[in-house]
$ cat entry.tsv   # TSV, C-alpha atoms
chain	number	residue	atom	x	y	z
A	117	MET	CA	-26.63	2.31	27.08
A	118	LYS	CA	-28.93	3.08	24.15
A	119	VAL	CA	-27.22	2.35	20.84
A	120	VAL	CA	-28.39	2.79	17.25
A	121	ILE	CA	-26.61	0.73	14.59
A	122	MET	CA	-27.15	1.68	10.97
A	123	GLY	CA	-26.53	-1.18	8.55
A	124	CYS	CA	-27.50	-4.79	9.28
A	125	GLY	CA	-24.79	-6.56	7.31
A	126	ARG	CA	-22.26	-8.91	8.87
A	127	VAL	CA	-20.56	-6.30	11.04
A	128	GLY	CA	-23.82	-4.63	12.09
A	129	THR	CA	-25.40	-7.97	12.93
A	130	GLU	CA	-22.37	-9.10	14.94
A	131	LEU	CA	-22.11	-5.84	16.89
A	132	ALA	CA	-25.86	-5.76	17.56
A	133	SER	CA	-25.78	-9.34	18.87
A	134	ILE	CA	-22.84	-8.68	21.20
A	135	LEU	CA	-24.35	-5.50	22.64
A	136	ASP	CA	-27.77	-7.12	22.99
A	137	ARG	CA	-26.29	-10.06	24.91
A	138	GLU	CA	-24.54	-7.56	27.21
A	139	GLY	CA	-27.94	-6.10	27.99
A	140	GLN	CA	-27.64	-2.84	26.06
A	141	GLU	CA	-30.69	-1.28	24.43
A	142	VAL	CA	-30.03	-1.78	20.71
A	143	THR	CA	-31.89	-0.42	17.69
A	144	ILE	CA	-30.69	-1.68	14.32
A	145	ILE	CA	-31.77	0.06	11.14
A	146	ASP	CA	-31.46	-1.07	7.54
A	147	ILE	CA	-33.01	0.03	4.27
A	148	ASP	CA	-33.64	-3.61	3.26
A	149	PRO	CA	-36.36	-5.49	5.17
A	150	ASP	CA	-34.61	-8.79	4.38
A	151	ALA	CA	-31.37	-7.68	6.02
A	152	PHE	CA	-32.37	-8.70	9.55
A	153	GLY	CA	-32.30	-12.45	8.80
A	154	GLN	CA	-28.90	-13.09	10.34
A	155	LEU	CA	-29.78	-11.63	13.74
A	156	PRO	CA	-30.05	-14.33	16.42
A	157	ALA	CA	-33.57	-15.58	17.17
A	158	ASP	CA	-33.39	-14.28	20.76
A	159	PHE	CA	-32.34	-10.73	19.71
A	160	LYS	CA	-34.29	-8.38	21.98
A	161	GLY	CA	-33.45	-5.10	20.25
A	162	LYS	CA	-35.55	-3.13	17.79
A	163	ARG	CA	-35.39	-3.72	14.04
A	164	VAL	CA	-36.29	-0.69	11.93
A	165	VAL	CA	-36.64	-0.62	8.16
A	166	GLY	CA	-35.63	2.81	6.93
A	167	ASN	CA	-33.08	5.13	5.41
A	168	GLY	CA	-30.52	6.25	7.98
A	169	ILE	CA	-29.73	9.48	6.13
A	170	ASP	CA	-33.35	10.61	6.35
A	171	GLN	CA	-33.76	12.89	9.36
A	172	ASP	CA	-37.43	11.98	9.70
A	173	VAL	CA	-36.51	8.33	10.14
A	174	LEU	CA	-33.78	9.19	12.64
A	175	ARG	CA	-36.18	11.39	14.58
A	176	GLN	CA	-38.78	8.61	14.67
A	177	ILE	CA	-36.34	6.20	16.25
A	178	GLY	CA	-35.54	8.83	18.87
A	179	LEU	CA	-31.94	9.54	17.88
A	180	GLY	CA	-31.92	12.63	20.09
A	181	GLU	CA	-32.08	10.44	23.20
A	182	VAL	CA	-29.51	7.77	22.40
A	183	ASP	CA	-26.00	7.43	23.84
A	184	ALA	CA	-24.27	6.12	20.74
A	185	PHE	CA	-24.61	5.79	16.96
A	186	VAL	CA	-22.62	3.46	14.74
A	187	ALA	CA	-22.68	3.66	10.91
A	188	VAL	CA	-21.69	0.43	9.18
A	189	THR	CA	-23.53	0.35	5.84
A	190	PRO	CA	-21.49	-0.68	2.78
A	191	GLY	CA	-21.45	2.94	1.54
A	192	ASP	CA	-18.75	5.25	2.88
A	193	ASN	CA	-20.66	8.39	1.92
A	194	ARG	CA	-23.86	7.12	3.48
A	195	ASN	CA	-21.97	6.40	6.72
A	196	VAL	CA	-20.32	9.81	6.65
A	197	MET	CA	-23.58	11.66	6.09
A	198	ALA	CA	-25.55	9.72	8.72
A	199	SER	CA	-22.75	10.13	11.27
A	200	GLN	CA	-22.58	13.86	10.71
A	201	ILE	CA	-26.36	14.16	11.09
A	202	ALA	CA	-26.20	12.11	14.32
A	203	LYS	CA	-23.34	14.19	15.72
A	204	HIS	CA	-24.15	17.70	14.55
A	205	ILE	CA	-27.95	17.71	14.22
A	206	PHE	CA	-29.04	15.29	16.95
A	207	GLY	CA	-26.06	15.81	19.28
A	208	VAL	CA	-25.46	12.10	19.90
A	209	PRO	CA	-22.53	11.97	22.39
A	210	LYS	CA	-20.72	8.99	20.83
A	211	VAL	CA	-20.68	8.49	17.06
A	212	VAL	CA	-18.49	5.94	15.27
A	213	CYS	CA	-18.29	5.83	11.49
A	214	ARG	CA	-16.84	3.12	9.26
A	215	ILE	CA	-15.08	4.46	6.15
A	216	PHE	CA	-13.39	1.95	3.83
A	217	ASP	CA	-11.48	4.58	1.81
A	218	PRO	CA	-8.40	5.50	3.92
A	219	ILE	CA	-8.10	8.94	2.27
A	220	ARG	CA	-11.66	9.87	3.08
A	221	GLU	CA	-11.25	8.39	6.55
A	222	GLU	CA	-8.29	10.65	7.21
A	223	LEU	CA	-10.23	13.71	6.06
A	224	TYR	CA	-13.28	13.04	8.24
A	225	HIS	CA	-11.13	12.06	11.19
A	226	GLY	CA	-9.52	15.47	10.79
A	227	LEU	CA	-12.97	17.06	10.72
A	228	GLY	CA	-13.74	15.57	14.13
A	229	LEU	CA	-15.57	12.34	13.37
A	230	GLU	CA	-14.56	9.18	15.18
A	231	THR	CA	-13.73	6.93	12.23
A	232	ILE	CA	-12.44	3.44	11.54
A	233	SER	CA	-11.02	2.40	8.18
A	234	PRO	CA	-11.22	-1.42	7.89
A	235	THR	CA	-8.92	-1.17	4.88
A	236	ARG	CA	-6.15	0.50	6.83
A	237	GLU	CA	-6.68	-1.63	9.96
A	238	MET	CA	-6.71	-4.84	7.93
A	239	ALA	CA	-3.53	-3.90	6.07
A	240	ARG	CA	-1.84	-3.10	9.37
A	241	MET	CA	-2.94	-6.42	10.91
A	242	LEU	CA	-1.83	-8.35	7.86
A	243	LYS	CA	1.55	-6.67	7.95
A	244	GLU	CA	1.92	-7.49	11.64
A	245	ALA	CA	0.95	-11.11	10.95
A	246	LEU	CA	3.52	-11.30	8.17
A	247	GLU	CA	6.24	-9.95	10.45
A	248	ARG	CA	5.27	-12.32	13.25
A	249	GLU	CA	5.15	-15.56	11.29
A	250	PRO	CA	8.35	-17.26	10.25
A	251	GLY	CA	6.81	-18.04	6.84
A	252	GLY	CA	4.96	-21.05	5.48
A	253	LYS	CA	6.60	-24.35	4.91
A	254	GLY	CA	7.43	-25.13	1.33
B	258	MET	CA	-14.10	30.56	-14.33
B	259	TYR	CA	-12.93	27.00	-13.84
B	260	ILE	CA	-15.97	24.94	-12.87
B	261	ILE	CA	-15.94	21.27	-11.84
B	262	ILE	CA	-19.17	19.30	-12.12
B	263	VAL	CA	-19.49	15.95	-10.35
B	264	GLY	CA	-22.10	13.74	-12.01
B	265	GLY	CA	-22.61	13.46	-15.76
B	266	GLY	CA	-26.27	12.47	-15.81
B	267	LYS	CA	-28.92	14.68	-17.38
B	268	VAL	CA	-28.47	17.55	-14.95
B	269	GLY	CA	-24.68	17.46	-15.20
B	270	TYR	CA	-24.74	17.16	-18.99
B	271	TYR	CA	-27.01	20.14	-19.65
B	272	LEU	CA	-25.30	22.20	-16.98
B	273	ALA	CA	-21.91	21.52	-18.58
B	274	LYS	CA	-23.27	22.29	-22.04
B	275	GLN	CA	-24.66	25.66	-20.96
B	276	LEU	CA	-21.54	26.62	-19.00
B	277	VAL	CA	-19.29	25.75	-21.95
B	278	GLU	CA	-21.49	27.90	-24.21
B	279	ASP	CA	-21.12	30.72	-21.71
B	280	GLY	CA	-17.36	30.49	-22.16
B	281	HIS	CA	-16.35	28.82	-18.90
B	282	GLU	CA	-13.70	26.17	-18.48
B	283	VAL	CA	-15.66	23.09	-17.44
B	284	LEU	CA	-14.70	19.60	-16.28
B	285	VAL	CA	-17.22	16.83	-15.63
B	286	ILE	CA	-16.32	13.91	-13.35
B	287	GLU	CA	-18.46	10.85	-14.01
B	288	LYS	CA	-18.18	7.22	-12.87
B	289	ASP	CA	-19.90	5.67	-15.86
B	290	ALA	CA	-17.72	5.14	-18.96
B	291	ALA	CA	-20.60	5.36	-21.44
B	292	LYS	CA	-21.81	8.69	-20.04
B	293	CYS	CA	-18.24	10.04	-20.14
B	294	GLN	CA	-17.92	9.00	-23.76
B	295	GLN	CA	-21.22	10.65	-24.66
B	296	ILE	CA	-20.12	13.92	-23.08
B	297	ALA	CA	-16.76	13.71	-24.86
B	298	ASP	CA	-18.47	13.02	-28.21
B	299	GLU	CA	-20.95	15.85	-27.90
B	300	LEU	CA	-19.25	18.53	-25.82
B	301	GLY	CA	-15.57	17.86	-26.42
B	302	ASP	CA	-12.78	16.68	-24.19
B	303	ILE	CA	-14.24	17.90	-20.90
B	304	ALA	CA	-15.06	14.68	-19.04
B	305	ILE	CA	-12.94	12.41	-16.87
B	306	ARG	CA	-14.00	9.06	-15.57
B	307	GLY	CA	-13.76	8.66	-11.83
B	308	ASP	CA	-15.33	9.00	-8.40
B	309	GLY	CA	-15.84	12.67	-7.56
B	310	CYS	CA	-15.57	11.91	-3.85
B	311	GLU	CA	-12.06	10.53	-4.10
B	312	GLY	CA	-9.12	12.71	-3.29
B	313	THR	CA	-6.94	11.29	-6.06
B	314	THR	CA	-9.57	11.92	-8.74
B	315	LEU	CA	-10.14	15.46	-7.51
B	316	GLU	CA	-6.38	16.02	-7.40
B	317	SER	CA	-5.99	15.02	-11.06
B	318	ALA	CA	-8.98	17.21	-11.94
B	319	GLY	CA	-7.08	20.21	-10.61
B	320	THR	CA	-9.68	20.89	-7.93
B	321	GLY	CA	-7.28	23.17	-6.11
B	322	ARG	CA	-7.67	25.86	-8.76
B	323	ALA	CA	-11.45	25.45	-9.25
B	324	ASP	CA	-13.52	28.60	-8.73
B	325	LEU	CA	-16.70	26.64	-8.37
B	326	PHE	CA	-17.46	23.03	-7.51
B	327	ILE	CA	-20.92	21.63	-8.29
B	328	ALA	CA	-22.10	18.14	-7.26
B	329	VAL	CA	-25.23	16.99	-9.10
B	330	THR	CA	-25.33	13.21	-8.82
B	331	GLY	CA	-28.62	11.53	-7.93
B	332	ASP	CA	-27.48	10.69	-4.40
B	333	ASP	CA	-27.49	13.29	-1.65
B	334	GLU	CA	-24.77	11.55	0.36
B	335	ASP	CA	-22.41	11.51	-2.63
B	336	ASN	CA	-23.03	15.19	-3.33
B	337	LEU	CA	-22.40	16.04	0.33
B	338	VAL	CA	-19.11	14.15	0.53
B	339	ALA	CA	-17.84	15.42	-2.85
B	340	CYS	CA	-18.43	19.02	-1.74
B	341	GLN	CA	-16.91	18.44	1.69
B	342	VAL	CA	-13.78	16.89	0.19
B	343	ALA	CA	-13.48	19.76	-2.31
B	344	LYS	CA	-13.91	22.32	0.43
B	345	ASN	CA	-11.79	20.80	3.16
B	346	LYS	CA	-9.03	19.11	1.20
B	347	PHE	CA	-8.74	21.46	-1.77
B	348	ASN	CA	-10.00	24.72	-0.26
B	349	VAL	CA	-12.51	25.37	-3.03
B	350	ARG	CA	-14.19	28.65	-2.16
B	351	ARG	CA	-17.64	27.90	-3.41
B	352	THR	CA	-19.47	24.56	-3.43
B	353	VAL	CA	-22.96	23.84	-4.72
B	354	ALA	CA	-24.83	20.61	-4.05
B	355	ARG	CA	-27.98	19.21	-5.60
B	356	ILE	CA	-30.23	17.64	-3.01
B	357	ASN	CA	-33.14	15.29	-3.57
B	358	ASN	CA	-34.63	15.22	-0.09
B	359	PRO	CA	-35.59	18.87	0.57
B	360	LYS	CA	-35.16	18.31	4.31
B	361	ASN	CA	-31.44	17.84	3.74
B	362	GLU	CA	-31.08	21.55	2.97
B	363	ALA	CA	-30.51	22.48	6.62
B	364	VAL	CA	-28.13	19.55	7.12
B	365	PHE	CA	-25.98	20.58	4.16
B	366	LYS	CA	-25.87	24.21	5.30
B	367	ASN	CA	-24.92	23.04	8.76
B	368	LEU	CA	-22.10	20.91	7.35
B	369	GLY	CA	-20.52	23.74	5.38
B	370	ILE	CA	-21.95	23.46	1.88
B	371	ASP	CA	-22.43	26.98	0.51
B	372	THR	CA	-25.49	26.46	-1.67
B	373	THR	CA	-28.02	23.70	-2.09
B	374	ILE	CA	-30.51	23.29	-4.89
B	375	SER	CA	-33.48	21.00	-4.54
B	376	ALA	CA	-35.63	20.30	-7.59
B	377	THR	CA	-38.11	18.64	-5.25
B	378	ALA	CA	-38.44	21.78	-3.16
B	379	LEU	CA	-38.79	24.01	-6.24
B	380	ILE	CA	-41.55	21.84	-7.67
B	381	LEU	CA	-43.28	21.67	-4.30
B	382	ALA	CA	-43.15	25.43	-3.89
B	383	ASN	CA	-44.69	25.80	-7.33
B	384	ILE	CA	-47.47	23.36	-6.54
B	385	GLU	CA	-48.18	25.10	-3.25
B	386	GLN	CA	-48.42	28.46	-4.98
B	387	GLU	CA	-50.56	27.04	-7.77
B	388	LEU	CA	-52.98	25.66	-5.23
B	389	PRO	CA	-53.76	28.63	-3.00
B	390	SER	CA	-56.36	26.72	-1.03
B	391	HIS	CA	-53.89	24.04	-0.08
B	392	PRO	CA	-52.43	25.30	3.19
B	393	LEU	CA	-55.64	26.22	5.02
B	394	ILE	CA	-57.86	23.43	6.32
B	395	PRO	CA	-61.20	24.47	7.88
B	396	LEU	CA	-61.75	22.40	11.00
B	397	LEU	CA	-64.96	23.79	12.41
B	398	THR	CA	-67.42	26.60	11.76
B	399	ILE	CA	-68.69	28.25	14.90
B	400	LYS	CA	-72.33	28.74	14.15
B	401	GLY	CA	-73.88	32.14	14.47
B	402	GLY	CA	-70.69	34.02	15.13
B	403	GLY	CA	-69.38	33.86	11.52
B	404	LEU	CA	-66.18	32.42	12.90
B	405	GLU	CA	-64.31	29.32	11.99
B	406	ILE	CA	-61.39	27.32	13.28
B	407	VAL	CA	-58.76	26.60	10.65
B	408	GLU	CA	-55.50	24.75	10.57
B	409	ALA	CA	-52.49	25.34	8.35
B	410	LYS	CA	-48.96	24.08	8.07
B	411	VAL	CA	-46.43	26.87	7.73
B	412	PRO	CA	-44.46	26.28	4.50
B	413	SER	CA	-40.69	26.71	4.66
B	414	TYR	CA	-40.79	29.59	2.15
B	415	SER	CA	-43.34	31.56	4.18
B	416	ALA	CA	-42.54	35.09	5.30
B	417	MET	CA	-43.95	34.07	8.71
B	418	VAL	CA	-41.01	31.80	9.41
B	419	GLY	CA	-38.73	33.21	12.08
B	420	LYS	CA	-41.18	35.99	13.05
B	421	ARG	CA	-42.75	36.49	16.45
B	422	ILE	CA	-46.54	36.19	16.66
B	423	GLY	CA	-46.62	39.80	17.83
B	424	GLU	CA	-44.97	40.96	14.60
B	425	LEU	CA	-47.50	39.30	12.28
B	426	LEU	CA	-50.09	41.42	10.58
B	427	LEU	CA	-53.06	39.15	11.16
B	428	PRO	CA	-56.57	39.99	9.94
B	429	GLN	CA	-58.89	41.54	12.53
B	430	GLN	CA	-60.43	39.19	15.04
B	431	CYS	CA	-58.04	36.46	14.05
B	432	LEU	CA	-56.34	34.58	16.87
B	433	ILE	CA	-53.64	31.97	16.64
B	434	THR	CA	-54.69	29.66	19.42
B	435	VAL	CA	-52.35	26.69	19.23
B	436	ILE	CA	-49.05	25.93	17.49
B	437	ILE	CA	-48.03	22.30	17.03
B	438	ASP	CA	-44.35	21.90	16.23
B	439	GLU	CA	-42.81	19.29	13.93
B	440	GLU	CA	-42.33	16.92	16.85
B	441	GLY	CA	-46.09	17.06	17.42
B	442	VAL	CA	-45.86	19.09	20.65
B	443	PRO	CA	-48.74	21.60	21.02
B	444	ARG	CA	-48.11	25.01	22.57
B	445	ILE	CA	-50.30	27.98	23.36
B	446	PRO	CA	-48.40	30.85	21.76
B	447	ASN	CA	-47.91	34.32	23.19
B	448	SER	CA	-46.76	37.38	21.26
B	449	ASP	CA	-43.10	36.38	21.66
B	450	THR	CA	-43.53	32.87	20.26
B	451	VAL	CA	-41.47	32.47	17.09
B	452	VAL	CA	-43.07	30.70	14.12
B	453	ARG	CA	-41.02	27.93	12.55
B	454	ALA	CA	-41.26	26.20	9.18
B	455	GLY	CA	-43.41	23.11	9.45
B	456	ASP	CA	-45.40	24.35	12.46
B	457	GLU	CA	-49.09	23.51	12.38
B	458	VAL	CA	-51.00	26.65	13.23
B	459	VAL	CA	-54.56	26.43	14.55
B	460	ALA	CA	-56.39	29.73	14.35
B	461	VAL	CA	-59.83	31.19	14.93
B	462	CYS	CA	-60.80	33.73	12.29
B	463	ARG	CA	-63.81	35.38	10.71
B	464	CYS	CA	-65.04	33.38	7.72
B	465	GLU	CA	-64.60	36.39	5.43
B	466	SER	CA	-60.99	36.93	6.45
B	467	GLU	CA	-59.93	33.40	5.61
B	468	ASP	CA	-58.23	34.60	2.40
B	469	ALA	CA	-56.31	37.28	4.27
B	470	LEU	CA	-55.07	34.75	6.80
B	471	ARG	CA	-54.08	32.41	4.01
B	472	ALA	CA	-52.05	35.22	2.45
B	473	VAL	CA	-50.20	35.81	5.72
B	474	ILE	CA	-49.24	32.14	5.88
B	475	THR	CA	-48.37	31.56	2.22
B	476	THR	CA	-46.69	34.79	1.14
B	477	PRO	CA	-43.09	33.85	0.41
B	478	ALA	CA	-40.30	35.61	2.27
B	479	GLU	CA	-38.46	38.09	0.12
B	480	GLU	CA	-35.30	36.80	-1.42
B	481	THR	CA	-32.87	38.17	1.11
B	482	ASN	CA	-30.27	35.41	1.06
B	483	GLU	CA	-28.63	33.67	-1.82
B	484	ARG	CA	-30.39	30.43	-2.63
$ encode --input "entry.tsv" --output "structure tokens"
Amino acid sequence: MKVVIMGCGRVGTELASILDREGQEVTIIDIDPDAFGQLPADFKGKRVVGNGIDQDVLRQIGLGEVDAFVAVTPGDNRNVMASQIAKHIFGVPKVVCRIFDPIREELYHGLGLETISPTREMARMLKEALEREPGGKG
Amino acid sequence: MYIIIVGGGKVGYYLAKQLVEDGHEVLVIEKDAAKCQQIADELGDIAIRGDGCEGTTLESAGTGRADLFIAVTGDDEDNLVACQVAKNKFNVRRTVARINNPKNEAVFKNLGIDTTISATALILANIEQELPSHPLIPLLTIKGGGLEIVEAKVPSYSAMVGKRIGELLLPQQCLITVIIDEEGVPRIPNSDTVVRAGDEVVAVCRCESEDALRAVITTPAEETNER
């Protein structure tokens, strides 16, 4: 599977490493040339410095031919815009978009984007953990 | 009209000022406290501090009753999302977004924004019209025959865009021999080939009809649609 990951922060780096180890064809793109430092030394995928909301950049990395696109930059709006370009302009079959703001996440989910809100997921997991644990010892 | 402006920088400030003078009800949403204060000091109580992409901020701004929603921050992605939230969550009829990268115009249209305005594109169009020799590059003069081979990129404002080769009124003895699209793929056109913005056109023409060919390529399309 050919995958493009936009955003080489902690999550992007982790996801890229996992997929690369599985043997997937990974391209990771970040606007900051220093962002790729945390990738493992044996990472076989492509590193691209560029702006993921610039169509020219996305065209250059061959977004029209990839199977999946994941947007995990720190900016919700940047992720939303890049994901919509990937889905609606380049027709990428699988697009996943991270949106921290749960309200915005709900809206774009309703508009047909596949979205994940770490805020909502984290709150849910924390609540589950609270309900599971008997409580700390005093 | 009730008009909401997202972004209180220079564009937002002067836009708000003019619209207030024209008698409209205006509200500016701006993240930066100092800019908000400046607007309040100079234009009156028409600014709220907040993120114009957030549903709660837009709710308190009364976005549901806005006649017009204009996003003019310096970031295209913020303007896109603000307009999409206004349109899809608050059913604002008309949204206008400022774009910085002129190539985002098509994306924004495609994603439901009614109108886009690009200062970059306006300045570029002006430069291109100021420099009439710009679009036509002579590649080769064919000696003896008075013919030359020229190349030109079709500007997005050109009246050629969307027309078939057969419809174009080309100068006599002028042949469009190759069209190279934006992906860099060359094609030999026939009369049904449609010209697109950004195509590189390679043509053979008589040296004296170079100006006429240039006019065909650079004449702007008439303003048929709203911009």
$ atom_distance --input "entry.tsv" --atom1 "atom CA of A:Asp136" --atom2 "atom CA of A:Phe159"
6.7 Å
$ interface_residues --input "entry.tsv" --of "chain A" --to "chain B" --cutoff "6 Å" --atoms "only C-alpha atoms" --output "list of chain:residue names"
A:Asn193, A:Arg194, A:Met197
$ residues_around --input "entry.tsv" --residues "B:Ile296" --least-positions-apart "2" --cutoff "12 Å" --atoms "all atoms listed in the file" --output "short mmCIF file (atom, residue, chain, number, x, y, z; two decimals) with C-alpha atoms, keeping the file's coordinate frame"
data_model
loop_
_atom_site.label_atom_id
_atom_site.label_comp_id
_atom_site.auth_asym_id
_atom_site.auth_seq_id
_atom_site.Cartn_x
_atom_site.Cartn_y
_atom_site.Cartn_z
CA GLY B 264 -22.10 13.74 -12.01
CA GLY B 265 -22.61 13.46 -15.76
CA GLY B 266 -26.27 12.47 -15.81
CA LYS B 267 -28.92 14.68 -17.38
CA GLY B 269 -24.68 17.46 -15.20
CA TYR B 270 -24.74 17.16 -18.99
CA TYR B 271 -27.01 20.14 -19.65
CA LEU B 272 -25.30 22.20 -16.98
CA ALA B 273 -21.91 21.52 -18.58
CA LYS B 274 -23.27 22.29 -22.04
CA VAL B 277 -19.29 25.75 -21.95
CA VAL B 283 -15.66 23.09 -17.44
CA LEU B 284 -14.70 19.60 -16.28
CA VAL B 285 -17.22 16.83 -15.63
CA ILE B 286 -16.32 13.91 -13.35
CA GLU B 287 -18.46 10.85 -14.01
CA ASP B 289 -19.90 5.67 -15.86
CA ALA B 290 -17.72 5.14 -18.96
CA ALA B 291 -20.60 5.36 -21.44
CA LYS B 292 -21.81 8.69 -20.04
CA CYS B 293 -18.24 10.04 -20.14
CA GLN B 294 -17.92 9.00 -23.76
CA ASP B 298 -18.47 13.02 -28.21
CA GLU B 299 -20.95 15.85 -27.90
CA LEU B 300 -19.25 18.53 -25.82
CA GLY B 301 -15.57 17.86 -26.42
CA ASP B 302 -12.78 16.68 -24.19
CA ILE B 303 -14.24 17.90 -20.90
CA ALA B 304 -15.06 14.68 -19.04
CA ILE B 305 -12.94 12.41 -16.87
CA ARG B 306 -14.00 9.06 -15.57
#
$ residues_around --input "entry.tsv" --residues "stretch 258-262 of chain B" --least-positions-apart "4" --cutoff "6 Å" --atoms "all atoms listed in the file" --output "list of chain:residue names"
B:His281, B:Glu282, B:Val283, B:Leu284, B:Val285, B:Ala323, B:Asp324, B:Leu325, B:Phe326, B:Ile327, B:Ala328
$ atom_distance --input "entry.tsv" --atom1 "atom CA of B:Ala460" --atom2 "atom CA of B:Asn383"
24.9 Å
$ closest_residue --input "entry.tsv" --among "A:Leu174, A:Gly207, A:Val127, A:Pro250" --to "A:Pro234" --atoms "all atoms listed in the file"
A:Val127
$ atom_distance --input "entry.tsv" --atom1 "atom CA of B:Ser415" --atom2 "atom CA of B:Val473"
8.2 Å
$ residues_around --input "entry.tsv" --residues "A:Asp148" --least-positions-apart "6" --cutoff "12 Å" --atoms "all atoms listed in the file" --output "mmCIF file with C-alpha atoms, in the frame of the given file"
data_model
loop_
_atom_site.group_PDB
_atom_site.id
_atom_site.type_symbol
_atom_site.label_atom_id
_atom_site.label_comp_id
_atom_site.auth_asym_id
_atom_site.auth_seq_id
_atom_site.Cartn_x
_atom_site.Cartn_y
_atom_site.Cartn_z
ATOM 1 C CA MET A 122 -27.150 1.680 10.970
ATOM 2 C CA GLY A 123 -26.530 -1.180 8.550
ATOM 3 C CA CYS A 124 -27.500 -4.790 9.280
ATOM 4 C CA GLY A 125 -24.790 -6.560 7.310
ATOM 5 C CA ARG A 163 -35.390 -3.720 14.040
ATOM 6 C CA VAL A 164 -36.290 -0.690 11.930
ATOM 7 C CA VAL A 165 -36.640 -0.620 8.160
ATOM 8 C CA GLY A 166 -35.630 2.810 6.930
ATOM 9 C CA ASN A 167 -33.080 5.130 5.410
ATOM 10 C CA GLY A 168 -30.520 6.250 7.980
ATOM 11 C CA THR A 189 -23.530 0.350 5.840
#
$ residues_around --input "entry.tsv" --residues "B:Glu467" --least-positions-apart "3" --cutoff "9 Å" --atoms "all atoms listed in the file" --output "ChimeraX atom specification"
/B:393,405,407,428,462-464,470-472
$ write_last_selection --input "entry.tsv" --atoms "C-alpha atoms" --output "PDB file, in the coordinates of the input"
ATOM      1  CA  LEU B 393     -55.640  26.220   5.020  1.00  0.00           C
ATOM      2  CA  GLU B 405     -64.310  29.320  11.990  1.00  0.00           C
ATOM      3  CA  VAL B 407     -58.760  26.600  10.650  1.00  0.00           C
ATOM      4  CA  PRO B 428     -56.570  39.990   9.940  1.00  0.00           C
ATOM      5  CA  CYS B 462     -60.800  33.730  12.290  1.00  0.00           C
ATOM      6  CA  ARG B 463     -63.810  35.380  10.710  1.00  0.00           C
ATOM      7  CA  CYS B 464     -65.040  33.380   7.720  1.00  0.00           C
ATOM      8  CA  LEU B 470     -55.070  34.750   6.800  1.00  0.00           C
ATOM      9  CA  ARG B 471     -54.080  32.410   4.010  1.00  0.00           C
ATOM     10  CA  ALA B 472     -52.050  35.220   2.450  1.00  0.00           C
TER      11      ALA B 472
END
$ residues_near_point --input "entry.tsv" --point "(-46.1, 37.7, 3.3)" --cutoff "10 Å" --atoms "only C-alpha atoms" --output "list in words"
Tyr414, Ser415, Ala416, Met417, Val418, Leu425, Leu426, Arg471, Ala472, Val473, Ile474, Thr475, Thr476, Pro477, Ala478 and Glu479 of chain B
$ residues_around --input "entry.tsv" --residues "stretch 129-134 of chain A" --least-positions-apart "4" --cutoff "8 Å" --atoms "all atoms listed in the file" --output "MDAnalysis selection string"
chainID A and resid 121 124:125 138 142 144 152 154:156 159
$ build_atoms --input "entry.tsv" --residues "stretch 284-295 of chain B" --atoms "N, CA and C atoms" --output "PDB file, in the coordinates of the input"
ATOM      1  N   LEU B 284     -15.115  21.000 -16.322  1.00  0.00           N
ATOM      2  CA  LEU B 284     -14.700  19.600 -16.280  1.00  0.00           C
ATOM      3  C   LEU B 284     -15.791  18.792 -15.580  1.00  0.00           C
ATOM      4  N   VAL B 285     -16.215  17.701 -16.225  1.00  0.00           N
ATOM      5  CA  VAL B 285     -17.220  16.830 -15.630  1.00  0.00           C
ATOM      6  C   VAL B 285     -16.539  15.556 -15.135  1.00  0.00           C
ATOM      7  N   ILE B 286     -16.828  15.179 -13.889  1.00  0.00           N
ATOM      8  CA  ILE B 286     -16.320  13.910 -13.350  1.00  0.00           C
ATOM      9  C   ILE B 286     -17.487  12.942 -13.261  1.00  0.00           C
ATOM     10  N   GLU B 287     -17.354  11.805 -13.938  1.00  0.00           N
ATOM     11  CA  GLU B 287     -18.460  10.850 -14.010  1.00  0.00           C
ATOM     12  C   GLU B 287     -17.922   9.422 -13.897  1.00  0.00           C
ATOM     13  N   LYS B 288     -18.629   8.598 -13.094  1.00  0.00           N
ATOM     14  CA  LYS B 288     -18.180   7.220 -12.870  1.00  0.00           C
ATOM     15  C   LYS B 288     -18.379   6.335 -14.090  1.00  0.00           C
ATOM     16  N   ASP B 289     -19.473   6.579 -14.806  1.00  0.00           N
ATOM     17  CA  ASP B 289     -19.900   5.670 -15.860  1.00  0.00           C
ATOM     18  C   ASP B 289     -19.179   5.977 -17.185  1.00  0.00           C
ATOM     19  N   ALA B 290     -18.526   4.942 -17.751  1.00  0.00           N
ATOM     20  CA  ALA B 290     -17.720   5.140 -18.960  1.00  0.00           C
ATOM     21  C   ALA B 290     -18.560   5.596 -20.152  1.00  0.00           C
ATOM     22  N   ALA B 291     -19.751   5.012 -20.291  1.00  0.00           N
ATOM     23  CA  ALA B 291     -20.600   5.360 -21.440  1.00  0.00           C
ATOM     24  C   ALA B 291     -21.031   6.826 -21.386  1.00  0.00           C
ATOM     25  N   LYS B 292     -21.393   7.280 -20.181  1.00  0.00           N
ATOM     26  CA  LYS B 292     -21.810   8.690 -20.040  1.00  0.00           C
ATOM     27  C   LYS B 292     -20.639   9.626 -20.337  1.00  0.00           C
ATOM     28  N   CYS B 293     -19.449   9.248 -19.871  1.00  0.00           N
ATOM     29  CA  CYS B 293     -18.240  10.040 -20.140  1.00  0.00           C
ATOM     30  C   CYS B 293     -18.018  10.170 -21.635  1.00  0.00           C
ATOM     31  N   GLN B 294     -18.150   9.034 -22.323  1.00  0.00           N
ATOM     32  CA  GLN B 294     -17.920   9.000 -23.760  1.00  0.00           C
ATOM     33  C   GLN B 294     -18.923   9.906 -24.478  1.00  0.00           C
ATOM     34  N   GLN B 295     -20.174   9.833 -24.030  1.00  0.00           N
ATOM     35  CA  GLN B 295     -21.220  10.650 -24.660  1.00  0.00           C
ATOM     36  C   GLN B 295     -20.907  12.142 -24.503  1.00  0.00           C
TER      37      GLN B 295
END
